[in-house]
Amino acid sequence: MSKIVRLAGVGMAAGVLVAGISLPAVGGVGFGLKSATDAVDLTPAELVEPPPAEVTIVQDAKGAEIARFYEEYREVVGLDKVADVMKTAIISIEDYRFYEHGAIDLEGTIRAFAKNLQAGGVSQGGSSITQQYVKQVLLNSAGTDQERNKALEASYARKLKELRHAMAVEEKYSKDEILGKYLNIAYFGAGAYGVEAAAKRFFGVKAAELTLPQAATLAGAVQDPNATDPNLGRKQRERLRSRRDVVLGRMAELGKITQAEAAKAKAAGLGYKGTKLPGGCESSKYPYFCIYVRNEILNNPDFGATAKDRLALLNRGGLTIRTTLDTAMQAAADKAIRTWVHPSDAPVASEALVEPGTGAIKAMAASKKYGLDPAKNEISYNLVADAAHGGGVGFQAGSTFKTFTLLAALQKGMKVDDGFTVGAGYRASGYSAFKNCKNENIGDPTHTVTNDEGTPGWKTLRTGTWGSVNTFFMTLSQQVGLCETVTLAKSLGIHRSDGQKLREYETFTLGINEMDPVTVANAYAAIAARGRYCEPMAISRITDRDGKTTKIKPSCRQAIEPEVADAAADVLSGVFTQGTMRAVGGIGRDAAGKTGTTDSYASAWFAGFTPDLAGAVSIGDPGGSQDNKLIGITIGGRYYGSVVGASIPGPIWKDTMLAALSKVEPSSFTPIDSARFGGCAQNCRPVAPAPDDDASADEATGDDAPALAGDPAGTGDGLDGLDGFDGFDGFEDMGGMGGMDGMGG
């Protein structure tokens, strides 16, 4: 008797629900059931449908894919891009009367409610494809765990909410549109969202190419994608195959396929390929460039008010990001680095290439692979960029910074042959000899900067630069002004790699600040562009999911006078023929640059440019350059008594440029304005030749970055471990302390 009463109750409850849901669609509540449904709002409710998460694709400069970002791997396709057999399979197993009923399938709903009431809870869904689509939209719209739990809770309140939304969806879209939306939002397992991604992930084909057994497999997976995830193991694959056979049986039962076709499909293997999903930067062929691009999005408020918003846009927005990466130039940099430095070497070489006049980054390369496993010689941060773009602390830039003092001197009116006599050592003339940009005295008359291999004598802007003479540049910096040099460097985008303020010490010109190749290369690119500074640029355009394209224009300004840049390029050209790079040689076209070796060979650099391309190369030990000096070391299979700017960074730069510019017509520098910068002004060569009158002596001088003893600025940081430096000068002539060792003759 109790069973009969219970079943009667089921029928009445189902009738109330069915009447309350179905009758509003035809204009009335009716059947005398208004009182039973007064407390339940069963009118259609508009569904807010934010677009489902889509994959963001990153491309090189020509449009080839180099990386993907996503929270859910999904590729949205139109229903016409889905095989008919896939549509038939999903409808057969999920909602075989889909094209016949409205927002809900009344038969399925009555059957489900009977089961649920008997079970005392929600044990059977009976949901239509429309309802399932609504559920997925609500789940994907959830921003918190609480909202996600609400979208999944087993309650009649949740089911009623879904039904109201389903009614609105049915009014808004055609059946084909609803089916297409459902197939694009559904999760199939193995990390694949949407039928296109699932077809590629499971079988390595597009959704339009799915066969009968493949379609049945995917249709079977949507019921419980975690339990049937073929990527998790044998048991899950067995469950998936079983579900596939259920789908095939149902299709045959409904007459969509023959029993023979079903039997043949059941006899086939599962066929799961597990095609690797395109990943993020760790699986990209260009990981360092990829990391830079990712951080460009995440750090820019133009892409979202908060970091969370920007991450959501990157991982869910379905963007197509066209970058400035030139794969031919990247290949040139990669090959050059591999020639000189091995991944297994403790020191790491890294290089950035930048286009003058636009700031477009063309390549970012490093000798170690990006990854999380040190045992595989991998490194987990961006070696080529600053901390804001996923990098680390960088390496001291050494005498590449002398270029900024040279520019400041030219900007102040000095001519290229202006000069003065310098000694073997330099001491500030007093505590007020150097003032930082806060007008604080930071000169240290107790500390001596030396040219360990250089000889005293007459030096000009030309010869002092060619030989990279420390004492000359310390004297020049004192005359020009430390703050003036710092200000000029900043105008060319110079900033510390770690994001801290530049160290404005008296030895600033000797490169005591830690830098990254992108920043240094971009600063030198501004000289190549005749003083036009452009912010580093890795993204050229972005297309959103709706096809709207936004082009990213270079952000440029005139940082220094064109004639000043021309004069600096003229002086720096002599580094290849008269200075520290003469043993390495030029590249057969106009080029200029500067070597850099830091305190006691902690790191080494070369930064140079042509009118068409600029590049900077650094090498140092990321495990601690000050504690792991580049002395008595084997790198790239060659032994070096010491590593200087011209022993490894210079040759890497040269090899890169020769290959990267092989198909680029040579351009010429703008000739120096001889009337303004030629000859000498007031600081002309004395009548009696100085002891160091031989050009070769000028060229043999060192190229080091000794720091001030102690901490003259009172910061207490000890100048990053440079205290008490004994005055090595770097032997930039490649001969000092075996700098030529391992050069192969």
# chains A, B, ... in the order shown; residues from 1 in each chain; ligands from 1
$ select_by_dssp --residues "region 80-264 of chain A" --states "alpha helix (DSSP H)" --output "NGL selection string"
:A and (84-94 or 106-119 or 129-141 or 145-152 or 156-172 or 175-185 or 195-203 or 212-221 or 234-253 or 259-264)
$ residues_around --residues "Asn299 (chain A)" --least-positions-apart "6" --cutoff "10 Å" --atoms "only C-alpha atoms" --output "VMD selection string"
chain A and resid 306 to 307 310 to 311 388 to 389
$ closest_atom_pairs --of "region 384-436 of chain A" --to "region 611-635 of chain A" --cutoff "10 Å" --atoms "only C-alpha atoms" --output "JSON lines"
{"residue": "A:Val384", "atom": "CA", "partner": "A:Ser618", "partner_atom": "CA", "distance": 8.8}
{"residue": "A:Gly392", "atom": "CA", "partner": "A:Pro622", "partner_atom": "CA", "distance": 8.9}
{"residue": "A:Val393", "atom": "CA", "partner": "A:Pro622", "partner_atom": "CA", "distance": 9.0}
{"residue": "A:Gly394", "atom": "CA", "partner": "A:Pro622", "partner_atom": "CA", "distance": 8.2}
{"residue": "A:Phe395", "atom": "CA", "partner": "A:Gly620", "partner_atom": "CA", "distance": 6.8}
{"residue": "A:Gln396", "atom": "CA", "partner": "A:Ser625", "partner_atom": "CA", "distance": 9.0}
{"residue": "A:Ala397", "atom": "CA", "partner": "A:Ser618", "partner_atom": "CA", "distance": 8.0}
{"residue": "A:Thr400", "atom": "CA", "partner": "A:Ala616", "partner_atom": "CA", "distance": 9.6}
$ write_last_selection --atoms "all heavy atoms" --output "PDB file, in the first residue's frame"
ATOM      1  N   VAL A 384      67.336  36.265 -20.826  1.00  0.00           N
ATOM      2  CA  VAL A 384      67.628  37.327 -21.783  1.00  0.00           C
ATOM      3  C   VAL A 384      66.995  38.660 -21.390  1.00  0.00           C
ATOM      4  O   VAL A 384      67.360  39.700 -21.919  1.00  0.00           O
ATOM      5  CB  VAL A 384      67.143  36.920 -23.196  1.00  0.00           C
ATOM      6  CG1 VAL A 384      67.809  37.769 -24.264  1.00  0.00           C
ATOM      7  CG2 VAL A 384      67.445  35.452 -23.468  1.00  0.00           C
ATOM      8  N   GLY A 392      65.893  37.490 -14.312  1.00  0.00           N
ATOM      9  CA  GLY A 392      66.494  37.495 -12.980  1.00  0.00           C
ATOM     10  C   GLY A 392      67.212  38.792 -12.698  1.00  0.00           C
ATOM     11  O   GLY A 392      66.770  39.865 -13.113  1.00  0.00           O
ATOM     12  N   VAL A 393      68.366  38.684 -12.027  1.00  0.00           N
ATOM     13  CA  VAL A 393      69.093  39.894 -11.618  1.00  0.00           C
ATOM     14  C   VAL A 393      70.035  40.389 -12.706  1.00  0.00           C
ATOM     15  O   VAL A 393      70.511  41.518 -12.655  1.00  0.00           O
ATOM     16  CB  VAL A 393      69.895  39.637 -10.325  1.00  0.00           C
ATOM     17  CG1 VAL A 393      68.964  39.294  -9.186  1.00  0.00           C
ATOM     18  CG2 VAL A 393      70.926  38.529 -10.518  1.00  0.00           C
ATOM     19  N   GLY A 394      70.327  39.547 -13.711  1.00  0.00           N
ATOM     20  CA  GLY A 394      71.219  39.967 -14.773  1.00  0.00           C
ATOM     21  C   GLY A 394      72.678  39.910 -14.370  1.00  0.00           C
ATOM     22  O   GLY A 394      73.036  39.382 -13.316  1.00  0.00           O
ATOM     23  N   PHE A 395      73.529  40.468 -15.218  1.00  0.00           N
ATOM     24  CA  PHE A 395      74.969  40.522 -14.968  1.00  0.00           C
ATOM     25  C   PHE A 395      75.450  41.961 -15.107  1.00  0.00           C
ATOM     26  O   PHE A 395      74.908  42.727 -15.901  1.00  0.00           O
ATOM     27  CB  PHE A 395      75.741  39.646 -15.964  1.00  0.00           C
ATOM     28  CG  PHE A 395      75.433  38.181 -15.860  1.00  0.00           C
ATOM     29  CD1 PHE A 395      74.826  37.513 -16.906  1.00  0.00           C
ATOM     30  CD2 PHE A 395      75.744  37.461 -14.710  1.00  0.00           C
ATOM     31  CE1 PHE A 395      74.533  36.163 -16.826  1.00  0.00           C
ATOM     32  CE2 PHE A 395      75.458  36.112 -14.614  1.00  0.00           C
ATOM     33  CZ  PHE A 395      74.854  35.457 -15.667  1.00  0.00           C
ATOM     34  N   GLN A 396      76.498  42.306 -14.347  1.00  0.00           N
ATOM     35  CA  GLN A 396      77.082  43.639 -14.499  1.00  0.00           C
ATOM     36  C   GLN A 396      77.523  43.834 -15.951  1.00  0.00           C
ATOM     37  O   GLN A 396      78.124  42.958 -16.558  1.00  0.00           O
ATOM     38  CB  GLN A 396      78.261  43.802 -13.555  1.00  0.00           C
ATOM     39  CG  GLN A 396      77.840  43.911 -12.092  1.00  0.00           C
ATOM     40  CD  GLN A 396      79.033  44.102 -11.182  1.00  0.00           C
ATOM     41  OE1 GLN A 396      80.096  43.537 -11.403  1.00  0.00           O
ATOM     42  NE2 GLN A 396      78.857  44.905 -10.143  1.00  0.00           N
ATOM     43  N   ALA A 397      77.212  45.006 -16.488  1.00  0.00           N
ATOM     44  CA  ALA A 397      77.394  45.248 -17.926  1.00  0.00           C
ATOM     45  C   ALA A 397      78.797  45.687 -18.302  1.00  0.00           C
ATOM     46  O   ALA A 397      79.109  45.825 -19.487  1.00  0.00           O
ATOM     47  CB  ALA A 397      76.394  46.299 -18.403  1.00  0.00           C
ATOM     48  N   THR A 400      80.514  48.229 -21.445  1.00  0.00           N
ATOM     49  CA  THR A 400      79.493  48.649 -22.407  1.00  0.00           C
ATOM     50  C   THR A 400      78.881  49.973 -21.965  1.00  0.00           C
ATOM     51  O   THR A 400      78.337  50.711 -22.789  1.00  0.00           O
ATOM     52  CB  THR A 400      78.383  47.592 -22.546  1.00  0.00           C
ATOM     53  OG1 THR A 400      77.748  47.386 -21.284  1.00  0.00           O
ATOM     54  CG2 THR A 400      78.943  46.269 -23.066  1.00  0.00           C
TER      55      THR A 400
END
$ atom_distance --atom1 "CA of Val518 (chain A)" --atom2 "CA of Gly645 (chain A)"
17.1 Å
$ atom_distance --atom1 "CA of His165 (chain A)" --atom2 "CA of Gln132 (chain A)"
10.8 Å
$ residues_around --residues "Leu661 (chain A)" --least-positions-apart "5" --cutoff "12 Å" --atoms "only C-alpha atoms" --output "PDB file with all heavy atoms, in the first residue's frame"
ATOM      1  N   ASP A 326      61.654  37.153 -35.477  1.00  0.00           N
ATOM      2  CA  ASP A 326      62.149  36.770 -36.795  1.00  0.00           C
ATOM      3  C   ASP A 326      62.858  35.428 -36.624  1.00  0.00           C
ATOM      4  O   ASP A 326      63.947  35.354 -36.049  1.00  0.00           O
ATOM      5  CB  ASP A 326      63.112  37.830 -37.329  1.00  0.00           C
ATOM      6  CG  ASP A 326      63.569  37.560 -38.752  1.00  0.00           C
ATOM      7  OD1 ASP A 326      63.990  36.425 -39.035  1.00  0.00           O
ATOM      8  OD2 ASP A 326      63.528  38.494 -39.571  1.00  0.00           O
ATOM      9  N   ALA A 328      64.417  33.466 -38.616  1.00  0.00           N
ATOM     10  CA  ALA A 328      65.724  33.328 -39.260  1.00  0.00           C
ATOM     11  C   ALA A 328      66.811  33.971 -38.403  1.00  0.00           C
ATOM     12  O   ALA A 328      67.894  33.399 -38.208  1.00  0.00           O
ATOM     13  CB  ALA A 328      65.700  33.960 -40.651  1.00  0.00           C
ATOM     14  N   MET A 329      66.515  35.144 -37.859  1.00  0.00           N
ATOM     15  CA  MET A 329      67.473  35.800 -36.970  1.00  0.00           C
ATOM     16  C   MET A 329      67.611  35.023 -35.668  1.00  0.00           C
ATOM     17  O   MET A 329      68.712  34.929 -35.097  1.00  0.00           O
ATOM     18  CB  MET A 329      67.039  37.237 -36.711  1.00  0.00           C
ATOM     19  CG  MET A 329      67.156  38.132 -37.935  1.00  0.00           C
ATOM     20  SD  MET A 329      66.741  39.863 -37.589  1.00  0.00           S
ATOM     21  CE  MET A 329      67.099  40.619 -39.185  1.00  0.00           C
ATOM     22  N   GLN A 330      66.502  34.465 -35.188  1.00  0.00           N
ATOM     23  CA  GLN A 330      66.555  33.633 -33.988  1.00  0.00           C
ATOM     24  C   GLN A 330      67.458  32.419 -34.217  1.00  0.00           C
ATOM     25  O   GLN A 330      68.274  32.058 -33.365  1.00  0.00           O
ATOM     26  CB  GLN A 330      65.150  33.162 -33.608  1.00  0.00           C
ATOM     27  CG  GLN A 330      65.093  32.244 -32.401  1.00  0.00           C
ATOM     28  CD  GLN A 330      65.351  32.948 -31.098  1.00  0.00           C
ATOM     29  OE1 GLN A 330      64.864  34.048 -30.871  1.00  0.00           O
ATOM     30  NE2 GLN A 330      66.141  32.324 -30.236  1.00  0.00           N
ATOM     31  N   ALA A 331      67.328  31.795 -35.377  1.00  0.00           N
ATOM     32  CA  ALA A 331      68.164  30.639 -35.696  1.00  0.00           C
ATOM     33  C   ALA A 331      69.636  31.032 -35.747  1.00  0.00           C
ATOM     34  O   ALA A 331      70.513  30.264 -35.321  1.00  0.00           O
ATOM     35  CB  ALA A 331      67.730  30.041 -37.036  1.00  0.00           C
ATOM     36  N   ALA A 332      69.906  32.226 -36.251  1.00  0.00           N
ATOM     37  CA  ALA A 332      71.289  32.708 -36.306  1.00  0.00           C
ATOM     38  C   ALA A 332      71.864  32.869 -34.906  1.00  0.00           C
ATOM     39  O   ALA A 332      73.008  32.474 -34.638  1.00  0.00           O
ATOM     40  CB  ALA A 332      71.344  34.036 -37.065  1.00  0.00           C
ATOM     41  N   ALA A 333      71.078  33.446 -34.003  1.00  0.00           N
ATOM     42  CA  ALA A 333      71.535  33.634 -32.626  1.00  0.00           C
ATOM     43  C   ALA A 333      71.712  32.291 -31.923  1.00  0.00           C
ATOM     44  O   ALA A 333      72.701  32.071 -31.209  1.00  0.00           O
ATOM     45  CB  ALA A 333      70.544  34.511 -31.866  1.00  0.00           C
ATOM     46  N   LEU A 353      68.387  40.481 -29.997  1.00  0.00           N
ATOM     47  CA  LEU A 353      68.521  41.271 -31.221  1.00  0.00           C
ATOM     48  C   LEU A 353      67.334  42.221 -31.313  1.00  0.00           C
ATOM     49  O   LEU A 353      66.194  41.815 -31.115  1.00  0.00           O
ATOM     50  CB  LEU A 353      68.548  40.366 -32.451  1.00  0.00           C
ATOM     51  CG  LEU A 353      69.672  39.329 -32.536  1.00  0.00           C
ATOM     52  CD1 LEU A 353      69.537  38.507 -33.808  1.00  0.00           C
ATOM     53  CD2 LEU A 353      71.040  39.995 -32.475  1.00  0.00           C
ATOM     54  N   GLU A 355      65.602  45.695 -33.528  1.00  0.00           N
ATOM     55  CA  GLU A 355      65.592  46.491 -34.746  1.00  0.00           C
ATOM     56  C   GLU A 355      65.663  47.980 -34.419  1.00  0.00           C
ATOM     57  O   GLU A 355      64.781  48.503 -33.732  1.00  0.00           O
ATOM     58  CB  GLU A 355      64.328  46.203 -35.545  1.00  0.00           C
ATOM     59  CG  GLU A 355      64.232  46.956 -36.865  1.00  0.00           C
ATOM     60  CD  GLU A 355      62.970  46.592 -37.623  1.00  0.00           C
ATOM     61  OE1 GLU A 355      61.862  46.944 -37.144  1.00  0.00           O
ATOM     62  OE2 GLU A 355      63.084  45.946 -38.675  1.00  0.00           O
ATOM     63  N   LYS A 362      63.822  41.034 -32.268  1.00  0.00           N
ATOM     64  CA  LYS A 362      63.843  40.057 -33.346  1.00  0.00           C
ATOM     65  C   LYS A 362      64.223  38.657 -32.883  1.00  0.00           C
ATOM     66  O   LYS A 362      63.869  37.661 -33.522  1.00  0.00           O
ATOM     67  CB  LYS A 362      64.816  40.512 -34.442  1.00  0.00           C
ATOM     68  CG  LYS A 362      64.368  41.778 -35.163  1.00  0.00           C
ATOM     69  CD  LYS A 362      63.051  41.554 -35.889  1.00  0.00           C
ATOM     70  CE  LYS A 362      62.610  42.740 -36.703  1.00  0.00           C
ATOM     71  NZ  LYS A 362      61.342  42.492 -37.419  1.00  0.00           N
ATOM     72  N   ILE A 587      82.248  42.682 -39.756  1.00  0.00           N
ATOM     73  CA  ILE A 587      81.272  41.813 -40.415  1.00  0.00           C
ATOM     74  C   ILE A 587      81.046  42.202 -41.874  1.00  0.00           C
ATOM     75  O   ILE A 587      80.058  41.792 -42.480  1.00  0.00           O
ATOM     76  CB  ILE A 587      79.934  41.818 -39.647  1.00  0.00           C
ATOM     77  CG1 ILE A 587      79.361  43.241 -39.562  1.00  0.00           C
ATOM     78  CG2 ILE A 587      80.090  41.212 -38.277  1.00  0.00           C
ATOM     79  CD1 ILE A 587      77.959  43.297 -38.964  1.00  0.00           C
ATOM     80  N   GLY A 588      81.968  42.996 -42.434  1.00  0.00           N
ATOM     81  CA  GLY A 588      81.869  43.321 -43.846  1.00  0.00           C
ATOM     82  C   GLY A 588      80.844  44.383 -44.181  1.00  0.00           C
ATOM     83  O   GLY A 588      80.471  44.544 -45.345  1.00  0.00           O
ATOM     84  N   ARG A 589      80.358  45.113 -43.218  1.00  0.00           N
ATOM     85  CA  ARG A 589      79.428  46.222 -43.416  1.00  0.00           C
ATOM     86  C   ARG A 589      79.601  47.175 -42.251  1.00  0.00           C
ATOM     87  O   ARG A 589      80.266  46.862 -41.268  1.00  0.00           O
ATOM     88  CB  ARG A 589      77.992  45.726 -43.506  1.00  0.00           C
ATOM     89  CG  ARG A 589      77.478  45.083 -42.232  1.00  0.00           C
ATOM     90  CD  ARG A 589      75.996  44.776 -42.331  1.00  0.00           C
ATOM     91  NE  ARG A 589      75.704  43.662 -43.218  1.00  0.00           N
ATOM     92  CZ  ARG A 589      74.549  43.503 -43.844  1.00  0.00           C
ATOM     93  NH1 ARG A 589      73.579  44.397 -43.708  1.00  0.00           N
ATOM     94  NH2 ARG A 589      74.331  42.456 -44.615  1.00  0.00           N
ATOM     95  N   ASP A 590      79.006  48.363 -42.350  1.00  0.00           N
ATOM     96  CA  ASP A 590      79.120  49.322 -41.258  1.00  0.00           C
ATOM     97  C   ASP A 590      78.622  48.708 -39.958  1.00  0.00           C
ATOM     98  O   ASP A 590      77.500  48.179 -39.886  1.00  0.00           O
ATOM     99  CB  ASP A 590      78.299  50.575 -41.568  1.00  0.00           C
ATOM    100  CG  ASP A 590      79.025  51.527 -42.512  1.00  0.00           C
ATOM    101  OD1 ASP A 590      80.115  51.159 -42.985  1.00  0.00           O
ATOM    102  OD2 ASP A 590      78.489  52.622 -42.779  1.00  0.00           O
ATOM    103  N   ALA A 591      79.479  48.753 -38.945  1.00  0.00           N
ATOM    104  CA  ALA A 591      79.120  48.217 -37.636  1.00  0.00           C
ATOM    105  C   ALA A 591      79.900  48.963 -36.572  1.00  0.00           C
ATOM    106  O   ALA A 591      80.988  49.485 -36.817  1.00  0.00           O
ATOM    107  CB  ALA A 591      79.417  46.723 -37.552  1.00  0.00           C
ATOM    108  N   PHE A 609      76.028  47.279 -33.067  1.00  0.00           N
ATOM    109  CA  PHE A 609      74.907  47.579 -33.944  1.00  0.00           C
ATOM    110  C   PHE A 609      75.372  47.892 -35.362  1.00  0.00           C
ATOM    111  O   PHE A 609      76.520  48.279 -35.595  1.00  0.00           O
ATOM    112  CB  PHE A 609      74.093  48.760 -33.415  1.00  0.00           C
ATOM    113  CG  PHE A 609      74.902  50.026 -33.196  1.00  0.00           C
ATOM    114  CD1 PHE A 609      75.023  50.983 -34.201  1.00  0.00           C
ATOM    115  CD2 PHE A 609      75.547  50.265 -31.983  1.00  0.00           C
ATOM    116  CE1 PHE A 609      75.760  52.143 -34.009  1.00  0.00           C
ATOM    117  CE2 PHE A 609      76.286  51.425 -31.780  1.00  0.00           C
ATOM    118  CZ  PHE A 609      76.400  52.373 -32.795  1.00  0.00           C
ATOM    119  N   THR A 610      74.468  47.677 -36.284  1.00  0.00           N
ATOM    120  CA  THR A 610      74.566  48.177 -37.651  1.00  0.00           C
ATOM    121  C   THR A 610      73.358  49.100 -37.825  1.00  0.00           C
ATOM    122  O   THR A 610      72.507  49.173 -36.933  1.00  0.00           O
ATOM    123  CB  THR A 610      74.492  47.028 -38.670  1.00  0.00           C
ATOM    124  OG1 THR A 610      73.143  46.552 -38.726  1.00  0.00           O
ATOM    125  CG2 THR A 610      75.422  45.879 -38.289  1.00  0.00           C
ATOM    126  N   PRO A 611      73.236  49.784 -38.944  1.00  0.00           N
ATOM    127  CA  PRO A 611      72.023  50.600 -39.131  1.00  0.00           C
ATOM    128  C   PRO A 611      70.741  49.768 -39.149  1.00  0.00           C
ATOM    129  O   PRO A 611      69.654  50.301 -38.932  1.00  0.00           O
ATOM    130  CB  PRO A 611      72.264  51.272 -40.492  1.00  0.00           C
ATOM    131  CG  PRO A 611      73.752  51.297 -40.643  1.00  0.00           C
ATOM    132  CD  PRO A 611      74.225  50.022 -40.020  1.00  0.00           C
ATOM    133  N   ASP A 612      70.885  48.444 -39.381  1.00  0.00           N
ATOM    134  CA  ASP A 612      69.706  47.593 -39.542  1.00  0.00           C
ATOM    135  C   ASP A 612      69.395  46.712 -38.335  1.00  0.00           C
ATOM    136  O   ASP A 612      68.255  46.257 -38.193  1.00  0.00           O
ATOM    137  CB  ASP A 612      69.898  46.683 -40.769  1.00  0.00           C
ATOM    138  CG  ASP A 612      70.162  47.475 -42.030  1.00  0.00           C
ATOM    139  OD1 ASP A 612      69.294  48.275 -42.414  1.00  0.00           O
ATOM    140  OD2 ASP A 612      71.249  47.310 -42.616  1.00  0.00           O
ATOM    141  N   LEU A 613      70.370  46.449 -37.491  1.00  0.00           N
ATOM    142  CA  LEU A 613      70.148  45.511 -36.392  1.00  0.00           C
ATOM    143  C   LEU A 613      71.144  45.762 -35.275  1.00  0.00           C
ATOM    144  O   LEU A 613      72.324  46.024 -35.526  1.00  0.00           O
ATOM    145  CB  LEU A 613      70.298  44.072 -36.899  1.00  0.00           C
ATOM    146  CG  LEU A 613      69.890  42.945 -35.955  1.00  0.00           C
ATOM    147  CD1 LEU A 613      68.390  42.996 -35.654  1.00  0.00           C
ATOM    148  CD2 LEU A 613      70.249  41.581 -36.565  1.00  0.00           C
ATOM    149  N   ALA A 614      70.646  45.686 -34.040  1.00  0.00           N
ATOM    150  CA  ALA A 614      71.504  45.819 -32.862  1.00  0.00           C
ATOM    151  C   ALA A 614      71.418  44.542 -32.046  1.00  0.00           C
ATOM    152  O   ALA A 614      70.400  43.834 -32.072  1.00  0.00           O
ATOM    153  CB  ALA A 614      71.079  47.020 -32.013  1.00  0.00           C
ATOM    154  N   GLY A 615      72.472  44.237 -31.314  1.00  0.00           N
ATOM    155  CA  GLY A 615      72.467  43.034 -30.484  1.00  0.00           C
ATOM    156  C   GLY A 615      73.377  43.185 -29.289  1.00  0.00           C
ATOM    157  O   GLY A 615      74.342  43.958 -29.312  1.00  0.00           O
ATOM    158  N   TRP A 653      78.393  37.545 -31.177  1.00  0.00           N
ATOM    159  CA  TRP A 653      77.732  38.668 -31.857  1.00  0.00           C
ATOM    160  C   TRP A 653      78.081  38.670 -33.344  1.00  0.00           C
ATOM    161  O   TRP A 653      77.203  38.830 -34.201  1.00  0.00           O
ATOM    162  CB  TRP A 653      78.158  39.980 -31.212  1.00  0.00           C
ATOM    163  CG  TRP A 653      77.485  41.202 -31.759  1.00  0.00           C
ATOM    164  CD1 TRP A 653      76.336  41.784 -31.311  1.00  0.00           C
ATOM    165  CD2 TRP A 653      77.909  41.998 -32.886  1.00  0.00           C
ATOM    166  NE1 TRP A 653      76.016  42.884 -32.075  1.00  0.00           N
ATOM    167  CE2 TRP A 653      76.962  43.041 -33.051  1.00  0.00           C
ATOM    168  CE3 TRP A 653      78.984  41.923 -33.764  1.00  0.00           C
ATOM    169  CZ2 TRP A 653      77.081  44.003 -34.049  1.00  0.00           C
ATOM    170  CZ3 TRP A 653      79.098  42.876 -34.779  1.00  0.00           C
ATOM    171  CH2 TRP A 653      78.153  43.902 -34.904  1.00  0.00           C
ATOM    172  N   LYS A 654      79.361  38.493 -33.656  1.00  0.00           N
ATOM    173  CA  LYS A 654      79.804  38.517 -35.051  1.00  0.00           C
ATOM    174  C   LYS A 654      79.145  37.401 -35.853  1.00  0.00           C
ATOM    175  O   LYS A 654      78.594  37.642 -36.945  1.00  0.00           O
ATOM    176  CB  LYS A 654      81.327  38.381 -35.122  1.00  0.00           C
ATOM    177  CG  LYS A 654      81.852  38.339 -36.562  1.00  0.00           C
ATOM    178  CD  LYS A 654      83.364  38.216 -36.603  1.00  0.00           C
ATOM    179  CE  LYS A 654      83.850  38.133 -38.056  1.00  0.00           C
ATOM    180  NZ  LYS A 654      85.340  38.057 -38.138  1.00  0.00           N
ATOM    181  N   ASP A 655      79.193  36.165 -35.330  1.00  0.00           N
ATOM    182  CA  ASP A 655      78.590  35.037 -36.046  1.00  0.00           C
ATOM    183  C   ASP A 655      77.091  35.246 -36.242  1.00  0.00           C
ATOM    184  O   ASP A 655      76.535  34.915 -37.295  1.00  0.00           O
ATOM    185  CB  ASP A 655      78.833  33.739 -35.269  1.00  0.00           C
ATOM    186  CG  ASP A 655      80.289  33.297 -35.305  1.00  0.00           C
ATOM    187  OD1 ASP A 655      81.086  33.915 -36.031  1.00  0.00           O
ATOM    188  OD2 ASP A 655      80.631  32.335 -34.584  1.00  0.00           O
ATOM    189  N   THR A 656      76.439  35.784 -35.222  1.00  0.00           N
ATOM    190  CA  THR A 656      74.997  36.040 -35.322  1.00  0.00           C
ATOM    191  C   THR A 656      74.700  37.043 -36.418  1.00  0.00           C
ATOM    192  O   THR A 656      73.811  36.828 -37.256  1.00  0.00           O
ATOM    193  CB  THR A 656      74.452  36.571 -33.984  1.00  0.00           C
ATOM    194  OG1 THR A 656      74.630  35.585 -32.963  1.00  0.00           O
ATOM    195  CG2 THR A 656      72.964  36.903 -34.097  1.00  0.00           C
ATOM    196  N   PRO A 666      73.173  45.820 -47.160  1.00  0.00           N
ATOM    197  CA  PRO A 666      73.900  46.654 -46.190  1.00  0.00           C
ATOM    198  C   PRO A 666      73.475  48.119 -46.248  1.00  0.00           C
ATOM    199  O   PRO A 666      73.243  48.676 -47.321  1.00  0.00           O
ATOM    200  CB  PRO A 666      75.363  46.500 -46.620  1.00  0.00           C
ATOM    201  CG  PRO A 666      75.413  45.217 -47.372  1.00  0.00           C
ATOM    202  CD  PRO A 666      74.088  45.122 -48.081  1.00  0.00           C
ATOM    203  N   SER A 667      73.348  48.715 -45.078  1.00  0.00           N
ATOM    204  CA  SER A 667      73.085  50.148 -44.958  1.00  0.00           C
ATOM    205  C   SER A 667      74.317  50.819 -44.362  1.00  0.00           C
ATOM    206  O   SER A 667      75.160  50.164 -43.745  1.00  0.00           O
ATOM    207  CB  SER A 667      71.867  50.401 -44.062  1.00  0.00           C
ATOM    208  OG  SER A 667      70.721  49.762 -44.567  1.00  0.00           O
TER     209      SER A 667
END
$ closest_residue --among "A:Gly180, A:Gly63, A:Pro536, A:Gly425" --to "Gly78 (chain A)" --atoms "only C-alpha atoms"
A:Gly180
$ closest_residue --among "A:Phe98, A:Trp466, A:Tyr272, A:Phe473" --to "Gly423 (chain A)" --atoms "only C-alpha atoms"
A:Phe473
$ residues_around --residues "Ser399 (chain A)" --least-positions-apart "3" --cutoff "12 Å" --atoms "only C-alpha atoms" --output "ChimeraX atom specification"
/A:396,402-406,464-470,473-474,507-513,520,580,593-599,601,603-607,644-646,702-706,729-732
$ residues_around --residues "Ala83 (chain A)" --least-positions-apart "3" --cutoff "12 Å" --atoms "only C-alpha atoms" --output "PyMOL selection string"
chain A and resi 77-80+86-90+180+183+195-196+199+205-212+214-216
